[in-house]
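Working notes, beginning with the structure itself.
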Amino acid sequence: MLVNNAGIGMRTVNPRFLSEPQPFWRVEPGGFRDVVDTKLVGCFLMARAVVPLMLEAGGGRVVNISMNEQTMTRRGFVPYGPAGAGVEALSRVMAADLAGSSVNVNMLLPGGTGTRTGMVPEDAPDDVQARLQDPAVMGPPIVWLASDQAASVHDQRIVATEFNAAAPSP
């Protein structure tokens, strides 16, 4: 199983992204490239290296960690949002390319920003802090996606905060 979860957040291009959103035309090209290279290109390179081994071994699972659509299109979230949208498009293409094979590709998103991830400044407003998710919310759906129960689950977008192992939504 490959879980693609690399990413650097908005703090790398705008440390005050929550209080002072920065328009896209003020984002430094190097910062844009860093985020896109880490999140999108990283997913591509890892899958490109691992999927042939999975196919040769007779099967495998790829889970690409995504984000909600509001984050993808949120004001001041260039390049983080577009990088996430790219991961979703890449995941769909990977799933199409692997349709009918022994390798499944799915997307998993937390359903909110995680605590203790370094993505949100520690001095974020209380309303932001109150909405943060425990990163452990990702564990049960990942374990399920690795299980025999999920052997036929392919090309799905699963929200961790809505996941119920007894009755998975995909």
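In the structure tokens, the first chain shown is A, the next is B, and so on; residue numbers restart at 1 for each chain, and ligands run from 1 in the order shown.
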
Residues of range 2-137 of chain A in strand (DSSP E or B), written as an MDAnalysis selection string: chainID A and resid 2:4 60:65 103:109 114 133

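Going from CA of Thr38 in chain A over to CA of Gly59 in chain A, you cover 26.1 Å.
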
Quick one: residues within 10 Å of range 70-74 of chain A, only C-alpha atoms, excluding same-chain residues fewer than 5 positions away - as a PDB file with C-alpha atoms, in the first residue's frame?
ATOM      1  CA  PRO A  21      -4.754  36.295   2.648  1.00  0.00           C
ATOM      2  CA  PRO A  79      -0.616  27.405  -4.350  1.00  0.00           C
ATOM      3  CA  TYR A  80      -1.966  24.965  -1.711  1.00  0.00           C
ATOM      4  CA  GLY A  81      -5.491  24.751  -3.156  1.00  0.00           C
ATOM      5  CA  PRO A  82      -4.444  24.257  -6.778  1.00  0.00           C
ATOM      6  CA  ALA A  83      -1.885  21.629  -5.702  1.00  0.00           C
ATOM      7  CA  GLY A  84      -4.691  19.717  -3.947  1.00  0.00           C
ATOM      8  CA  ALA A  85      -6.930  20.020  -7.000  1.00  0.00           C
ATOM      9  CA  GLY A  86      -4.056  18.622  -9.037  1.00  0.00           C
ATOM     10  CA  GLY A 112     -10.951  19.395   8.239  1.00  0.00           C
ATOM     11  CA  THR A 113      -7.507  20.720   9.010  1.00  0.00           C
TER      12      THR A 113
END

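Compared by their closest atoms to Asn106 in chain A, and using only C-alpha atoms, the residues A:Ser19, A:Asn68, A:Leu2, A:Arg33 rank with A:Leu2 nearest.
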
Contacts of Arg48 in chain A at 12 Å (only C-alpha atoms; same-chain gap of 6+ positions) as a VMD selection string: chain A and resid 2 4 41 to 42 54 to 55 62 90 94

Residue list (helix (DSSP H, G or I), DSSP) for range 5-163 of chain A, as number ranges by chain: A: 10-12, 24-26, 29-57, 69-72, 80-98, 126-130, 135-146, 148-150, 160-162

Restricting it to C-alpha atoms, dump the selection as a CSV table (one decimal), in the first residue's frame.
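part_30.csv, written as the output of this step:
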chain,number,residue,atom,x,y,z
A,10,MET,CA,0.4,27.8,3.2
A,11,ARG,CA,2.7,29.0,6.0
A,12,THR,CA,5.6,28.4,3.6
A,24,PHE,CA,-2.1,34.8,-6.2
A,25,TRP,CA,-0.1,37.5,-8.0
A,26,ARG,CA,1.9,38.2,-4.9
A,29,PRO,CA,7.2,31.6,-8.0
A,30,GLY,CA,9.7,29.6,-5.9
A,31,GLY,CA,7.1,29.2,-3.1
A,32,PHE,CA,4.5,28.1,-5.6
A,33,ARG,CA,6.8,25.5,-7.1
A,34,ASP,CA,7.8,24.2,-3.7
A,35,VAL,CA,4.2,23.5,-2.7
A,36,VAL,CA,3.2,22.0,-6.1
A,37,ASP,CA,6.4,19.9,-6.3
A,38,THR,CA,5.9,18.5,-2.8
A,39,LYS,CA,2.2,17.8,-2.9
A,40,LEU,CA,1.4,17.1,-6.6
A,41,VAL,CA,4.7,16.1,-8.2
A,42,GLY,CA,5.6,14.1,-5.0
A,43,CYS,CA,2.4,12.0,-5.5
A,44,PHE,CA,3.2,11.4,-9.1
A,45,LEU,CA,6.8,10.4,-8.5
A,46,MET,CA,5.9,8.0,-5.6
A,47,ALA,CA,3.1,6.3,-7.6
A,48,ARG,CA,5.2,6.1,-10.7
A,49,ALA,CA,7.9,4.3,-8.7
A,50,VAL,CA,5.6,2.0,-6.7
A,51,VAL,CA,2.7,1.1,-9.0
A,52,PRO,CA,4.8,-1.0,-11.4
A,53,LEU,CA,6.0,-3.0,-8.4
A,54,MET,CA,2.4,-3.5,-7.3
A,55,LEU,CA,1.4,-4.6,-10.8
A,56,GLU,CA,4.3,-7.0,-10.9
A,57,ALA,CA,3.4,-8.4,-7.4
A,69,GLU,CA,-13.1,21.6,-2.4
A,70,GLN,CA,-13.5,24.8,-0.3
A,71,THR,CA,-9.8,24.7,0.5
A,72,MET,CA,-8.9,24.1,-3.2
A,80,TYR,CA,-2.0,25.0,-1.7
A,81,GLY,CA,-5.5,24.8,-3.2
A,82,PRO,CA,-4.4,24.3,-6.8
A,83,ALA,CA,-1.9,21.6,-5.7
A,84,GLY,CA,-4.7,19.7,-3.9
A,85,ALA,CA,-6.9,20.0,-7.0
A,86,GLY,CA,-4.1,18.6,-9.0
A,87,VAL,CA,-3.8,15.6,-6.7
A,88,GLU,CA,-7.5,15.0,-7.2
A,89,ALA,CA,-7.1,15.1,-11.0
A,90,LEU,CA,-4.0,13.0,-10.9
A,91,SER,CA,-5.8,10.4,-8.7
A,92,ARG,CA,-8.7,10.2,-11.2
A,93,VAL,CA,-6.3,9.7,-14.1
A,94,MET,CA,-4.4,7.1,-12.2
A,95,ALA,CA,-7.6,5.3,-11.4
A,96,ALA,CA,-8.7,5.4,-15.0
A,97,ASP,CA,-5.3,4.1,-16.1
A,98,LEU,CA,-5.5,1.2,-13.6
A,126,ASP,CA,-10.0,30.4,18.5
A,127,ASP,CA,-12.7,29.7,15.8
A,128,VAL,CA,-10.0,28.1,13.6
A,129,GLN,CA,-8.5,26.1,16.5
A,130,ALA,CA,-12.0,24.8,17.5
A,135,PRO,CA,-4.9,13.5,12.6
A,136,ALA,CA,-5.8,10.1,14.1
A,137,VAL,CA,-9.1,10.5,12.2
A,138,MET,CA,-7.2,9.2,9.1
A,139,GLY,CA,-6.3,5.9,10.7
A,140,PRO,CA,-9.5,3.9,10.4
A,141,PRO,CA,-10.3,4.6,6.8
A,142,ILE,CA,-6.7,3.9,5.8
A,143,VAL,CA,-6.7,0.6,7.7
A,144,TRP,CA,-10.0,-0.3,6.0
A,145,LEU,CA,-8.7,0.6,2.5
A,146,ALA,CA,-5.8,-1.8,3.1
A,148,ASP,CA,-9.9,-7.3,2.1
A,149,GLN,CA,-13.2,-5.6,2.7
A,150,ALA,CA,-12.1,-2.8,0.4
A,160,ALA,CA,-12.4,10.6,7.1
A,161,THR,CA,-14.7,12.5,9.4
A,162,GLU,CA,-17.7,10.8,7.7

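Note that the spacing between CA of Val78 in chain A and CA of Pro110 in chain A amounts to 19.8 Å.
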
Which of A:Ala151, A:Ile65, A:Leu18, A:Val159 sits closest to Ser101 in chain A [using only C-alpha atoms]: A:Ala151

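Using only C-alpha atoms, the shortest contact distance between Arg61 in chain A and any of A:Met1, A:Val153, A:Leu109, A:Ala6 is found at A:Met1.
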
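From CA of Met107 in chain A back to CA of Val3 in chain A, the distance works out to 9.5 Å.
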
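Distances to Asp134 in chain A were evaluated for A:Ser102, A:Ser147, A:His154, A:Gly111 using only C-alpha atoms, and the minimum falls at A:Gly111.
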